[in-house]
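Structure file final.cif with mmCIF, C-alpha atoms:
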data_input
loop_
_atom_site.label_atom_id
_atom_site.label_comp_id
_atom_site.auth_asym_id
_atom_site.auth_seq_id
_atom_site.Cartn_x
_atom_site.Cartn_y
_atom_site.Cartn_z
CA MET L 1 137.44 45.20 10.19
CA SER L 2 140.70 45.68 8.31
CA ARG L 3 141.15 48.58 5.96
CA LYS L 4 141.78 48.02 2.30
CA PRO L 5 144.52 50.12 0.61
CA LEU L 6 143.25 53.03 -1.44
CA GLY L 7 144.75 51.66 -4.63
CA ARG L 8 147.60 54.05 -5.22
CA GLY L 9 150.26 51.40 -5.41
CA LEU L 10 151.64 52.15 -1.96
CA GLU L 11 152.56 48.50 -1.54
CA VAL L 12 155.30 49.14 -4.09
CA PHE L 13 156.86 51.85 -1.94
CA PHE L 14 156.70 49.84 1.26
CA SER L 15 157.85 46.52 -0.14
CA ARG L 16 161.38 45.31 0.45
CA ASP L 17 162.09 45.13 -3.25
CA SER L 18 160.30 48.30 -4.33
CA GLU L 19 162.63 49.12 -7.24
CA ARG L 20 162.13 45.71 -8.85
CA ALA L 21 158.39 45.71 -8.13
CA MET L 22 157.96 49.18 -9.60
CA PHE L 23 160.02 48.24 -12.67
CA GLN L 24 157.88 45.14 -13.19
CA LYS L 25 154.74 47.21 -12.85
CA ALA L 26 156.11 49.62 -15.47
CA LEU L 27 156.83 46.70 -17.82
CA ASP L 28 153.29 45.43 -17.33
CA HIS L 29 151.81 48.82 -18.22
CA ASP L 30 154.18 49.09 -21.19
CA ARG L 31 153.10 45.69 -22.55
CA LYS L 32 149.45 46.75 -22.28
CA GLY L 33 150.14 49.94 -24.22
CA GLU L 34 149.57 52.10 -21.15
CA VAL L 35 152.58 54.25 -21.95
CA PHE L 36 151.77 57.21 -19.70
CA GLU L 37 151.69 54.97 -16.65
CA ALA L 38 154.73 53.01 -17.81
CA PHE L 39 156.77 56.17 -18.43
CA HIS L 40 155.88 57.55 -15.02
CA LEU L 41 156.95 54.35 -13.26
CA TYR L 42 160.17 54.03 -15.27
CA MET L 43 161.09 57.54 -14.21
CA LYS L 44 160.25 56.75 -10.57
CA VAL L 45 162.58 53.74 -10.78
CA ALA L 46 165.30 55.97 -12.27
CA GLU L 47 164.87 58.44 -9.39
CA GLN L 48 165.71 55.68 -6.91
CA ARG L 49 169.20 55.40 -8.45
CA GLY L 50 169.25 51.64 -7.94
CA THR L 51 170.43 48.75 -10.06
CA LEU L 52 167.60 49.08 -12.59
CA ARG L 53 168.16 52.78 -13.27
CA ALA L 54 169.82 52.40 -16.68
CA LYS L 55 167.18 49.94 -17.89
CA ALA L 56 164.38 52.22 -16.70
CA LEU L 57 165.93 55.23 -18.44
CA ASN L 58 166.31 53.21 -21.64
CA ASN L 59 162.68 52.09 -21.56
CA ALA L 60 161.44 55.61 -20.80
CA ALA L 61 163.54 56.90 -23.72
CA VAL L 62 161.94 54.39 -26.08
CA ILE L 63 158.48 55.64 -25.08
CA LEU L 64 159.56 59.24 -25.67
CA ALA L 65 161.09 58.44 -29.06
CA GLU L 66 158.01 56.52 -30.17
CA HIS L 67 155.92 59.60 -29.44
CA GLY L 68 158.14 62.11 -31.23
CA PHE L 69 160.22 63.39 -28.32
CA VAL L 70 163.52 62.35 -29.90
CA ASP L 71 165.77 64.98 -28.28
CA GLN L 72 164.47 64.10 -24.83
CA ALA L 73 164.89 60.40 -25.60
CA ARG L 74 168.52 60.95 -26.62
CA ALA L 75 169.16 62.77 -23.33
CA LEU L 76 167.73 59.87 -21.30
CA LEU L 77 169.78 57.35 -23.28
CA ARG L 78 172.97 59.32 -22.65
CA GLU L 79 172.08 59.37 -18.96
CA ALA L 80 171.50 55.60 -19.04
CA LEU L 81 174.94 55.11 -20.60
CA GLN L 82 176.56 57.29 -17.95
CA GLU L 83 174.99 54.98 -15.38
CA ASP L 84 175.92 51.78 -17.23
CA ALA L 85 178.34 52.16 -20.14
CA GLU L 86 177.84 48.48 -21.01
CA ASN L 87 174.08 48.78 -21.55
CA ARG L 88 173.85 47.44 -25.10
CA GLU L 89 170.17 48.32 -25.61
CA ALA L 90 170.71 51.95 -24.63
CA ARG L 91 173.79 52.18 -26.86
CA GLU L 92 171.94 50.67 -29.84
CA ASN L 93 168.89 52.87 -29.27
CA LEU L 94 171.04 56.00 -29.06
CA SER L 95 172.83 54.99 -32.25
CA ILE L 96 169.49 54.58 -34.04
CA LEU L 97 168.24 57.96 -32.82
CA GLU L 98 171.47 59.71 -33.71
CA GLY L 99 171.26 58.13 -37.16
CA ASP L 100 167.79 59.65 -37.52
CA ALA L 101 169.22 63.11 -36.83
CA GLY L 102 171.08 63.25 -40.14
#
How does the structure come out when it is put into structure tokens?
Amino acid sequence: MSRKPLGRGLEVFFSRDSERAMFQKALDHDRKGEVFEAFHLYMKVAEQRGTLRAKALNNAAVILAEHGFVDQARALLREALQEDAENREARENLSILEGDAG
């Protein structure tokens, strides 16, 4: 009898493309309105420091901003732009949030 995984998403960590799989899982949660789960996964992607880091930071920042954590969102967007200065979404989002500061 084979054992079934416990359901903690370990397949994501052991898959060859774990960063992309985790990012996709975060997007899925985000689309469903499950922002706590989405935020957590976006931050896990960012911790991996892979190619999706800037996008994950941007998406996590949007969740923070939408829930009133504007200063923290700005910090994540600045971090995303340090990672990828050409990230248009992060630049536009930061501009919007900085416009709200005044």
**Q.** For CA of Glu37 in chain L and CA of Asp84 in chain L, the interatomic separation in Å (one decimal)
**A.**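 Atom-to-atom, CA of Glu37 in chain L and CA of Asp84 in chain L are spaced 24.4 Å apart.
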Q | Target residues per the PyMOL selection byres ((chain L and resi 22-35) around 8), formatted as a PyMOL selection string | A | chain L and resi 12+18-21+36-42+44-45+52+56+63
Q: For the file shown, report as a PyMOL selection string the outcome of the PyMOL selection byres ((chain L and resi 92) around 12) at residue level.
A: chain L and resi 58+62+74+77-78+80-81+85-91+93-99
(Q) Just to confirm, what's the straight-line distance from CA of Gly68 in chain L to CA of Gln48 in chain L in Å (one decimal)? (A)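 So the answer is 26.3 Å.
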(Q) One decimal, in Å: what's the spacing between CA of Gly50 in chain L and CA of Glu83 in chain L? (A)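 Answer for the CA of Gly50 in chain L to CA of Glu83 in chain L separation: 10.0 Å.
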N, CA and C atoms restored at range 61-87 of chain L, emitted as an mmCIF file, in the frame of the given file:
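This went into selection-v6.cif:
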data_model
loop_
_atom_site.group_PDB
_atom_site.id
_atom_site.type_symbol
_atom_site.label_atom_id
_atom_site.label_comp_id
_atom_site.auth_asym_id
_atom_site.auth_seq_id
_atom_site.Cartn_x
_atom_site.Cartn_y
_atom_site.Cartn_z
ATOM 1 N N ALA L 61 163.075 56.251 -22.485
ATOM 2 C CA ALA L 61 163.540 56.900 -23.720
ATOM 3 C C ALA L 61 162.838 56.317 -24.943
ATOM 4 N N VAL L 62 162.633 55.026 -24.953
ATOM 5 C CA VAL L 62 161.940 54.390 -26.080
ATOM 6 C C VAL L 62 160.517 54.951 -26.190
ATOM 7 N N ILE L 63 159.842 55.077 -25.062
ATOM 8 C CA ILE L 63 158.480 55.640 -25.080
ATOM 9 C C ILE L 63 158.511 57.058 -25.640
ATOM 10 N N LEU L 64 159.461 57.862 -25.168
ATOM 11 C CA LEU L 64 159.560 59.240 -25.670
ATOM 12 C C LEU L 64 159.797 59.259 -27.174
ATOM 13 N N ALA L 65 160.752 58.465 -27.637
ATOM 14 C CA ALA L 65 161.090 58.440 -29.060
ATOM 15 C C ALA L 65 159.892 58.009 -29.903
ATOM 16 N N GLU L 66 159.170 57.012 -29.427
ATOM 17 C CA GLU L 66 158.010 56.520 -30.170
ATOM 18 C C GLU L 66 156.894 57.560 -30.275
ATOM 19 N N HIS L 67 156.945 58.567 -29.429
ATOM 20 C CA HIS L 67 155.920 59.600 -29.440
ATOM 21 C C HIS L 67 156.459 60.954 -29.916
ATOM 22 N N GLY L 68 157.617 60.912 -30.584
ATOM 23 C CA GLY L 68 158.140 62.110 -31.230
ATOM 24 C C GLY L 68 159.049 62.991 -30.396
ATOM 25 N N PHE L 69 159.356 62.585 -29.190
ATOM 26 C CA PHE L 69 160.220 63.390 -28.320
ATOM 27 C C PHE L 69 161.659 62.859 -28.398
ATOM 28 N N VAL L 70 162.229 62.973 -29.604
ATOM 29 C CA VAL L 70 163.520 62.350 -29.900
ATOM 30 C C VAL L 70 164.660 62.995 -29.115
ATOM 31 N N ASP L 71 164.690 64.312 -29.021
ATOM 32 C CA ASP L 71 165.770 64.980 -28.280
ATOM 33 C C ASP L 71 165.764 64.569 -26.814
ATOM 34 N N GLN L 72 164.586 64.516 -26.224
ATOM 35 C CA GLN L 72 164.470 64.100 -24.830
ATOM 36 C C GLN L 72 164.867 62.635 -24.668
ATOM 37 N N ALA L 73 164.518 61.822 -25.639
ATOM 38 C CA ALA L 73 164.890 60.400 -25.600
ATOM 39 C C ALA L 73 166.404 60.251 -25.656
ATOM 40 N N ARG L 74 167.049 61.007 -26.530
ATOM 41 C CA ARG L 74 168.520 60.950 -26.620
ATOM 42 C C ARG L 74 169.150 61.321 -25.263
ATOM 43 N N ALA L 75 168.613 62.343 -24.624
ATOM 44 C CA ALA L 75 169.160 62.770 -23.330
ATOM 45 C C ALA L 75 169.046 61.655 -22.291
ATOM 46 N N LEU L 76 167.894 60.974 -22.258
ATOM 47 C CA LEU L 76 167.730 59.870 -21.300
ATOM 48 C C LEU L 76 168.669 58.714 -21.627
ATOM 49 N N LEU L 77 168.869 58.441 -22.900
ATOM 50 C CA LEU L 77 169.780 57.350 -23.280
ATOM 51 C C LEU L 77 171.215 57.677 -22.900
ATOM 52 N N ARG L 78 171.608 58.919 -23.074
ATOM 53 C CA ARG L 78 172.970 59.320 -22.650
ATOM 54 C C ARG L 78 173.113 59.172 -21.130
ATOM 55 N N GLU L 79 172.067 59.521 -20.420
ATOM 56 C CA GLU L 79 172.080 59.370 -18.960
ATOM 57 C C GLU L 79 172.167 57.891 -18.578
ATOM 58 N N ALA L 80 171.446 57.049 -19.296
ATOM 59 C CA ALA L 80 171.500 55.600 -19.040
ATOM 60 C C ALA L 80 172.911 55.076 -19.271
ATOM 61 N N LEU L 81 173.581 55.568 -20.310
ATOM 62 C CA LEU L 81 174.940 55.110 -20.600
ATOM 63 C C LEU L 81 175.963 55.644 -19.603
ATOM 64 N N GLN L 82 175.691 56.800 -19.026
ATOM 65 C CA GLN L 82 176.560 57.290 -17.950
ATOM 66 C C GLN L 82 176.440 56.380 -16.736
ATOM 67 N N GLU L 83 175.238 55.888 -16.504
ATOM 68 C CA GLU L 83 174.990 54.980 -15.380
ATOM 69 C C GLU L 83 175.593 53.611 -15.636
ATOM 70 N N ASP L 84 175.443 53.119 -16.870
ATOM 71 C CA ASP L 84 175.920 51.780 -17.230
ATOM 72 C C ASP L 84 176.432 51.816 -18.664
ATOM 73 N N ALA L 85 177.726 52.037 -18.811
ATOM 74 C CA ALA L 85 178.340 52.160 -20.140
ATOM 75 C C ALA L 85 178.229 50.888 -20.961
ATOM 76 N N GLU L 86 177.949 49.765 -20.314
ATOM 77 C CA GLU L 86 177.840 48.480 -21.010
ATOM 78 C C GLU L 86 176.406 48.140 -21.423
ATOM 79 N N ASN L 87 175.481 49.046 -21.216
ATOM 80 C CA ASN L 87 174.080 48.780 -21.550
ATOM 81 C C ASN L 87 173.916 48.793 -23.067
#
